[in-house]
Amino acid sequence: MSTALDTVTRAADTPDHPQPWKDLGLKADEYERIREILDRRPTGAELAMYSVMWSEHCSYKSSKVHLRTFGDHVTEAMQEHLMVGIGENAGVVDIGQGWAVTFKVESHNHPSYIEPYQGAATGVGGIIRDIMAMGARPIAVMDSLRFGAIDHPDTARVVPGVVSGVGGYGNCIGLPNIGGEVVFDPTYQGNPLVNALCVGALKHEDLHLANARGVGNLVVLFGARTGGDGIGGVSVLASETFDATGPSKRPAVQVGDPFQEKVLIECCLELFHAGLVEGIQDLGGAGLSCATSELASAGDGGMLIHLDRVPLRDPSLSPEEILMSESQERMMAVVTPANVEAFLAVTAKWDVEAAVLGEVTDGEHLVVQWHGETVVDVPPRTVAHDGPVYQRPYARPESQDALQADTPDRLPRPGTDEELRATLLRMAGSPNLSSRAWVTDQYDRYVMGGTALATPDDAGVVRVDEETNLGVALSLDGNGRFTRLDPRTGAALSLAEAYRNVAAAGARPLAVTDCLNFGSPEDPGVMWQFAEAVQGLAVACEELGVPVTGGNVSLYNQTGDDGLNSAVLPTPVIGVLGVLDDVRRRTPSGWREAGQSVFLLGTTRDELGGSEWAWAEHGHLGGLPPALDLQHEKLLADVLVQCSRDGLVDAAHDLSDGGLAQALTESVLRYGVGVRVGLDELLDRDGIDAFTALFSESAGRAIVSVPREEEVRFTDMCTARGLAHLRIGVTDTGDDGQASLDVQGRFSVPVAELREAHAATLPRHFG
Amino acid sequence: MKVGVVTFPGSLDDGDARRAVTLAGGEAVALWHADADLRGVDAVVLPGGFSYGDYLRCGAIARFAPVMSEVVRAAEGGMPVLGICNGFQVLCESHLLPGALVRNDHQKFVCTDQRLRVEQTGTAWTSSFTAGQEITIPLKNGEGGFVADAATLDRLEGEGRVVFRYLDGNPNGSLRDIAGISNERGNVVGLMPHPEHAVEELFGPGLDGLGLFTSVLSAGLGAIA
Amino acid sequence: MGRVVIDVMPKPEILDPQGKAVVGALPRLGFDRFTGVRQGKRFELEVEGEVTPEVLEQARRAAETLLSNPVIEDVVSVREASGGRDDAGAGADA
Amino acid sequence: MGRVVIDVMPKPEILDPQGKAVVGALPRLGFDRFTGVRQGKRFELEVEGEVTPEVLEQARRAAETLLSNPVIEDVVSVREASGGRDDAGAGADA
Ligand SMILES: Nc1ncnc2c1ncn2[C@@H]1O[C@H](COP(=O)(O)OP(=O)(O)O)[C@@H](O)[C@H]1O
Ligand SMILES: [Mg+2]
């Protein structure tokens, strides 16, 4: 530790004292702005706060101007169910009967590459605290994972670590994991994507917001002690060159303590229900810098914090480090003086450490003192919200035309029935289409006893109210290849898939959360992808009538600096939430009974650009993604929801990656009930060949199984609604119980052979 | 009849266990780890979860909770006690049941619908099953491998104290495919799989888990009558 | 400020999945000299001031009751650390 | 037949939830003398015959690569066990 504490007075007296603003990731003009705002040089502690809060991660300085688009496209009607929109820790959606849910997806990409287990674990822990900060009880998690090539040695390091990290945290904290994605693509080599979603439920009256109101109210920090974790972690370039800090080596990696967080959840809920909390905020990226400045700027006064009262794990931490520390499992609450005793009694009951750090003042400023000396004295808004806003240049890359011109038409297609059969089996076992069981069997999907659907069904479904069985369905989907080929359409297609998955489960889609994983915003081509994707998403949300309620942006996902070429596939991961008045009505994706008619909904075109077939069979990515018709998606969803309400179908499965062949495979393998499919009518109707029918990835399609006695009502309904529907087969347990996926007059695959092909891939690579 | 469900810091399936007791027709009573008080219950369930994070050894710290001294005393007096997963581990750590549970042989957490055979229907928790009945309930744990020395295993087998056995392959390396055991008297039973997750249609693999809870209720009624 | 080191190992007859996994992985990485591996636990307990006999006695009892499970584990050593993180060469074994 | 002992501990600045849980439990059991606990790993590697310098060298590299995670753990000692299970007093530290 250097001797002189860098107080506000000292800062005023030593205007020319050199400061490490560069190492902290600030630009010269940003540092100048801080000096203007304060009308003096910042202290070391102030510099720490501004630098983390003005970082890309916290300030969204590159993406802000584009994210506004989401707001611009939210109509009156879309507001109907929205209790809290973008801007708070997470959006809150009214699902009726006095219940609301809050949900959000967030990335923890970079930390998960450095230390896969802890990176993924703390990613799950972080998003759970966002949900708690709304006053909700977390009820489920999901995870969307993207890794490099499945056979790359480093993938064998990252995958098991990330998966056991997601499971290790979620299982120990007692939240069911109800879905997600696992995708392999070489562009994620060295830059995996780990996006975690959490959903929570609350009664309307329990809604809490992050603000510090009421002069004299106390500011309490509770949960884990503060250590040197992640200083300069996700928020800024690592830096050990604070002039007020010794040479101390601080860990950039944070270690999670799910047990501490489980106790914190129960403790927070008891505090909420006892009415002991005025405002609450989680501590995540930027730690105390973020929590104090956001609480204060959302409040009606100033705030005084005695930093020396923060319980420390490492007593050698400097004020700057305490402000920047990203130690996990901490929360901050605003409590009235009258309640503070009761508050501390509850934290004591749960063995949770708590410290009263300070209070809400009638001033305008956030003041932080260190043993009585003022080290921070700033207008909180300037830290939390008035960060820099960039108009990054963006331009459609030259290479885009060539990419779109290189269509899959030139790729050799399977001609004979034998080749079709072999292709179907190879596809079923390909890295991205094979069974995810190796991953999902490491996740507890039963805890809490409310899971009505989980992996491998299209959406996860959990009960919110045990009395009425009111519940929600969620799906998390992204398609980086489609988005690479056409960011605007690709992003909208990802939304459409999640929306379709939720409807297939029988739920009425209500709201959206998104995690936008892109490369460097300093590359105009990447920035163009980002701008286009946001546009496509915002417009599609408006057309489908589902508002974006919150999300997360992760930039700089690239391994080199030659712009687009070293960036990951542009990957918007979209979570759609739907509601079911009775989750017992949910529609599963697998067939249980023989003799039911299988209908294909929607029409199939020759659309293989960016398809799993082109990639898995030919390593090809080019052309245009499938066309998107949102009015049709809406109609399809309406029909699927009505089918579940009226009990017209026993199973529904959306068609996405791998097309009809993969959907049939998954529905067969779910419970081992086979199917006899006839394609000829479909080929005539849509004017396509058998290969296209099986592997095209045209959007807006699903397969449903209909009990004989409902067939008439079902077809009448589809006809009345004007939805293309065609009976393509019948479920079949096979004579002598030898069920198979049988494409009539072409080929047949016994279920056992299909299962072997589907199940073997991940275990073969990861043990 | 009152069935107490203990909540330790880090218990996860306590709510599910209370729900199962209620659905089976009993009265569920929440018990708190820090209170050395069983609140007049007729039976006790130690639920699944990660008490104290399972950090040192599963159940090692929970075993010393104030409520446990009461549970041990009651168990020795013949009160029915069921340990599920983490609860099973606590019972072993407390020496109410022999053996111990170690890391799964494949080193991974596993969550799956597990088929079991009910080997012993003479316990307080299995009387409503039929001998040899095959049931399916969820299994979810990272440290479910049951171990004990050969002599102990032989005694367990000999005395008919192996209550549940894994079918269709051993999911975690448990010796002799043991999924659950009982004490001599048959009032204390521990198992790794989760019956409380199979008590409601559509919220689990079926209703096979209810049997454990209905068993103890009828046993209790018998006692009262 | 003193430090007590406690070593706990799985009993030889009890199967040790972690050790088994390690011994399987070693040769694949070219470490071919090892025929068996057991994985146990090492605890470092800090005390204000001296490691007195009374402190060591408490550590021993903690090792037997809480830190190890006699059914599957042995306490192989309870001793004062010789300062720094290196404790080898330090005395007092259980 | 020789044996090599390897000790791995969480880095001092890294959170150690396990040690935290133990230090919380000790006083409740009346063990009141301990102010901090860290939990690490102890590996015992068996070798055919002598623990030669070359074997120790291999053990050292195994410790750095496979047995510890350098991001969050330190290898605090690699040494030959003095026979029996008691290794204290034995030499050769990493
Ligand atoms: N990382 C994961 N965690 C949990 N569930 C997953 C994960 N990856 C895939 N799944 C589940 O596996 C199933 C298949 O994944 P995916 O192909 O993405 O489904 P879909 O095509 O319906 O989006 C889905 O139920 C999905 O939720
Ligand atoms: Mg998908």
# chains A, B, ... in the order shown; residues from 1 in each chain; ligands from 1
>>> interface_residues(of="chain D", to="chain A", cutoff="10 Å", atoms="only C-alpha atoms", output="PyMOL selection string")
chain D and resi 11-18+20-21+24+69-72
>>> closest_atom_pairs(of="chain D", to="chain C", cutoff="6 Å", atoms="only C-alpha atoms", output="Markdown table")
| residue | atom | partner | partner_atom | distance |
| --- | --- | --- | --- | --- |
| D:Phe34 | CA | C:Val47 | CA | 4.8 |
| D:Thr35 | CA | C:Glu46 | CA | 5.5 |
| D:Gly36 | CA | C:Glu46 | CA | 4.9 |
| D:Val37 | CA | C:Leu45 | CA | 4.5 |
| D:Arg38 | CA | C:Glu44 | CA | 5.2 |
| D:Gln39 | CA | C:Phe43 | CA | 4.6 |
| D:Gly40 | CA | C:Arg42 | CA | 4.9 |
| D:Lys41 | CA | C:Lys41 | CA | 4.5 |
| D:Arg42 | CA | C:Gly40 | CA | 4.9 |
| D:Phe43 | CA | C:Gln39 | CA | 4.6 |
| D:Glu44 | CA | C:Arg38 | CA | 5.2 |
| D:Leu45 | CA | C:Val37 | CA | 4.6 |
| D:Glu46 | CA | C:Gly36 | CA | 4.9 |
| D:Val47 | CA | C:Phe34 | CA | 4.8 |
| D:Ala88 | CA | C:Ala88 | CA | 5.2 |
| D:Gly89 | CA | C:Gly89 | CA | 3.7 |
| D:Ala90 | CA | C:Gly89 | CA | 5.7 |
>>> write_last_selection(atoms="all heavy atoms", output="CSV table (one decimal), in the first residue's frame")
chain,number,residue,atom,x,y,z
D,34,PHE,N,-9.4,-22.2,16.4
D,34,PHE,CA,-9.0,-22.0,15.0
D,34,PHE,C,-9.7,-20.8,14.3
D,34,PHE,O,-10.9,-20.7,14.3
D,34,PHE,CB,-9.3,-23.3,14.2
D,34,PHE,CG,-8.7,-24.5,14.9
D,34,PHE,CD1,-9.5,-25.4,15.6
D,34,PHE,CD2,-7.3,-24.7,14.9
D,34,PHE,CE1,-8.9,-26.5,16.3
D,34,PHE,CE2,-6.7,-25.8,15.6
D,34,PHE,CZ,-7.6,-26.7,16.3
D,35,THR,N,-8.9,-20.0,13.7
D,35,THR,CA,-9.4,-18.7,13.2
D,35,THR,C,-9.6,-18.8,11.7
D,35,THR,O,-10.3,-18.0,11.1
D,35,THR,CB,-8.4,-17.6,13.5
D,35,THR,OG1,-7.1,-18.0,13.0
D,35,THR,CG2,-8.3,-17.3,15.0
D,36,GLY,N,-8.9,-19.8,11.0
D,36,GLY,CA,-9.1,-19.9,9.6
D,36,GLY,C,-8.8,-21.4,9.2
D,36,GLY,O,-8.0,-22.0,9.8
D,37,VAL,N,-9.5,-21.8,8.1
D,37,VAL,CA,-9.3,-23.2,7.6
D,37,VAL,C,-9.2,-23.1,6.1
D,37,VAL,O,-10.0,-22.4,5.5
D,37,VAL,CB,-10.4,-24.2,8.1
D,37,VAL,CG1,-10.1,-25.5,7.4
D,37,VAL,CG2,-10.4,-24.3,9.6
D,38,ARG,N,-8.2,-23.8,5.5
D,38,ARG,CA,-8.2,-24.0,4.1
D,38,ARG,C,-8.2,-25.5,3.8
D,38,ARG,O,-7.5,-26.2,4.5
D,38,ARG,CB,-7.0,-23.3,3.4
D,38,ARG,CG,-6.6,-21.9,3.9
D,38,ARG,CD,-7.4,-20.9,3.2
D,38,ARG,NE,-7.1,-20.8,1.8
D,38,ARG,CZ,-7.8,-20.0,0.9
D,38,ARG,NH1,-8.9,-19.3,1.4
D,38,ARG,NH2,-7.5,-19.9,-0.3
D,39,GLN,N,-9.0,-25.9,2.8
D,39,GLN,CA,-9.0,-27.3,2.5
D,39,GLN,C,-8.4,-27.5,1.1
D,39,GLN,O,-8.8,-26.9,0.1
D,39,GLN,CB,-10.4,-27.9,2.5
D,39,GLN,CG,-10.5,-29.3,2.2
D,39,GLN,CD,-11.9,-29.9,2.2
D,39,GLN,OE1,-12.8,-29.4,3.0
D,39,GLN,NE2,-12.2,-30.9,1.4
D,40,GLY,N,-7.4,-28.4,1.1
D,40,GLY,CA,-6.7,-28.7,-0.2
D,40,GLY,C,-6.8,-30.2,-0.4
D,40,GLY,O,-7.5,-30.9,0.2
D,41,LYS,N,-5.9,-30.6,-1.4
D,41,LYS,CA,-5.9,-32.0,-1.7
D,41,LYS,C,-4.5,-32.6,-1.4
D,41,LYS,O,-3.5,-32.0,-1.5
D,41,LYS,CB,-6.1,-32.2,-3.2
D,41,LYS,CG,-7.4,-31.6,-3.7
D,41,LYS,CD,-7.7,-32.0,-5.2
D,41,LYS,CE,-8.8,-31.1,-5.8
D,41,LYS,NZ,-8.3,-30.2,-6.8
D,42,ARG,N,-4.5,-33.9,-1.1
D,42,ARG,CA,-3.3,-34.6,-0.9
D,42,ARG,C,-3.3,-35.9,-1.7
D,42,ARG,O,-4.3,-36.7,-1.7
D,42,ARG,CB,-3.1,-35.0,0.6
D,42,ARG,CG,-2.0,-36.0,0.9
D,42,ARG,CD,-2.1,-36.5,2.3
D,42,ARG,NE,-1.3,-37.7,2.5
D,42,ARG,CZ,-0.1,-37.7,3.1
D,42,ARG,NH1,0.3,-36.6,3.7
D,42,ARG,NH2,0.6,-38.8,3.3
D,43,PHE,N,-2.3,-36.0,-2.6
D,43,PHE,CA,-2.3,-37.2,-3.5
D,43,PHE,C,-1.1,-38.1,-3.0
D,43,PHE,O,-0.1,-37.6,-2.7
D,43,PHE,CB,-2.0,-36.8,-4.9
D,43,PHE,CG,-3.1,-35.9,-5.5
D,43,PHE,CD1,-3.0,-34.5,-5.4
D,43,PHE,CD2,-4.2,-36.5,-6.2
D,43,PHE,CE1,-4.0,-33.7,-6.0
D,43,PHE,CE2,-5.1,-35.7,-6.7
D,43,PHE,CZ,-5.1,-34.3,-6.6
D,44,GLU,N,-1.4,-39.4,-3.0
D,44,GLU,CA,-0.3,-40.4,-2.8
D,44,GLU,C,-0.1,-41.2,-4.1
D,44,GLU,O,-1.1,-41.9,-4.5
D,44,GLU,CB,-0.6,-41.3,-1.7
D,44,GLU,CG,-0.6,-40.5,-0.3
D,44,GLU,CD,-0.9,-41.5,0.9
D,44,GLU,OE1,-1.0,-42.7,0.7
D,44,GLU,OE2,-0.9,-40.9,2.0
D,45,LEU,N,1.0,-41.1,-4.7
D,45,LEU,CA,1.3,-41.8,-6.0
D,45,LEU,C,2.3,-42.9,-5.7
D,45,LEU,O,3.3,-42.7,-5.1
D,45,LEU,CB,1.9,-40.8,-7.0
D,45,LEU,CG,1.0,-39.9,-7.8
D,45,LEU,CD1,0.3,-38.9,-6.8
D,45,LEU,CD2,1.8,-39.0,-8.8
D,46,GLU,N,1.9,-44.1,-6.1
D,46,GLU,CA,2.8,-45.3,-5.9
D,46,GLU,C,3.6,-45.5,-7.1
D,46,GLU,O,3.2,-45.3,-8.3
D,46,GLU,CB,1.9,-46.5,-5.7
D,46,GLU,CG,0.8,-46.3,-4.7
D,46,GLU,CD,0.7,-47.5,-3.7
D,46,GLU,OE1,0.8,-48.6,-4.2
D,46,GLU,OE2,0.7,-47.2,-2.5
D,47,VAL,N,4.9,-45.9,-6.9
D,47,VAL,CA,5.8,-46.3,-8.0
D,47,VAL,C,6.4,-47.7,-7.7
D,47,VAL,O,6.6,-48.0,-6.6
D,47,VAL,CB,6.9,-45.3,-8.1
D,47,VAL,CG1,6.4,-44.0,-8.7
D,47,VAL,CG2,7.6,-45.0,-6.8
D,88,ALA,N,5.5,-37.0,7.1
D,88,ALA,CA,6.1,-35.8,7.7
D,88,ALA,C,7.5,-36.2,8.0
D,88,ALA,O,7.8,-37.3,8.3
D,88,ALA,CB,5.4,-35.4,8.9
D,89,GLY,N,8.4,-35.3,8.0
D,89,GLY,CA,9.8,-35.6,8.2
D,89,GLY,C,10.5,-36.0,6.9
D,89,GLY,O,11.7,-36.0,6.9
D,90,ALA,N,9.8,-36.3,5.9
D,90,ALA,CA,10.4,-36.7,4.6
D,90,ALA,C,10.8,-35.4,3.9
D,90,ALA,O,10.2,-34.4,4.0
D,90,ALA,CB,9.5,-37.5,3.8
>>> atom_distance(atom1="CA of Arg488 (chain A)", atom2="CA of Arg396 (chain A)")
11.9 Å
>>> residues_near_ligand(ligand="ligand 1", cutoff="8 Å", atoms="only C-alpha atoms and all ligand atoms", output="VMD selection string")
chain A and resid 142 to 145 163 177 to 183 432 to 433 435 to 437 439 to 440 443 454 to 460 475 to 477 497 to 498 501 653 to 657
>>> interface_residues(of="chain B", to="chain D", cutoff="12 Å", atoms="only C-alpha atoms", output="PyMOL selection string")
chain B and resi 9-10+34+51-58+60-66
>>> interface_residues(of="chain B", to="chain A", cutoff="9 Å", atoms="only C-alpha atoms", output="ChimeraX atom specification")
/B:9-16,19,49-55,106,108-112,138,140-142,196-198,200-204
>>> atom_distance(atom1="CA of Ala28 (chain B)", atom2="CA of Ser182 (chain B)")
22.4 Å
>>> atom_distance(atom1="CA of Ala75 (chain B)", atom2="CA of Glu119 (chain B)")
21.9 Å
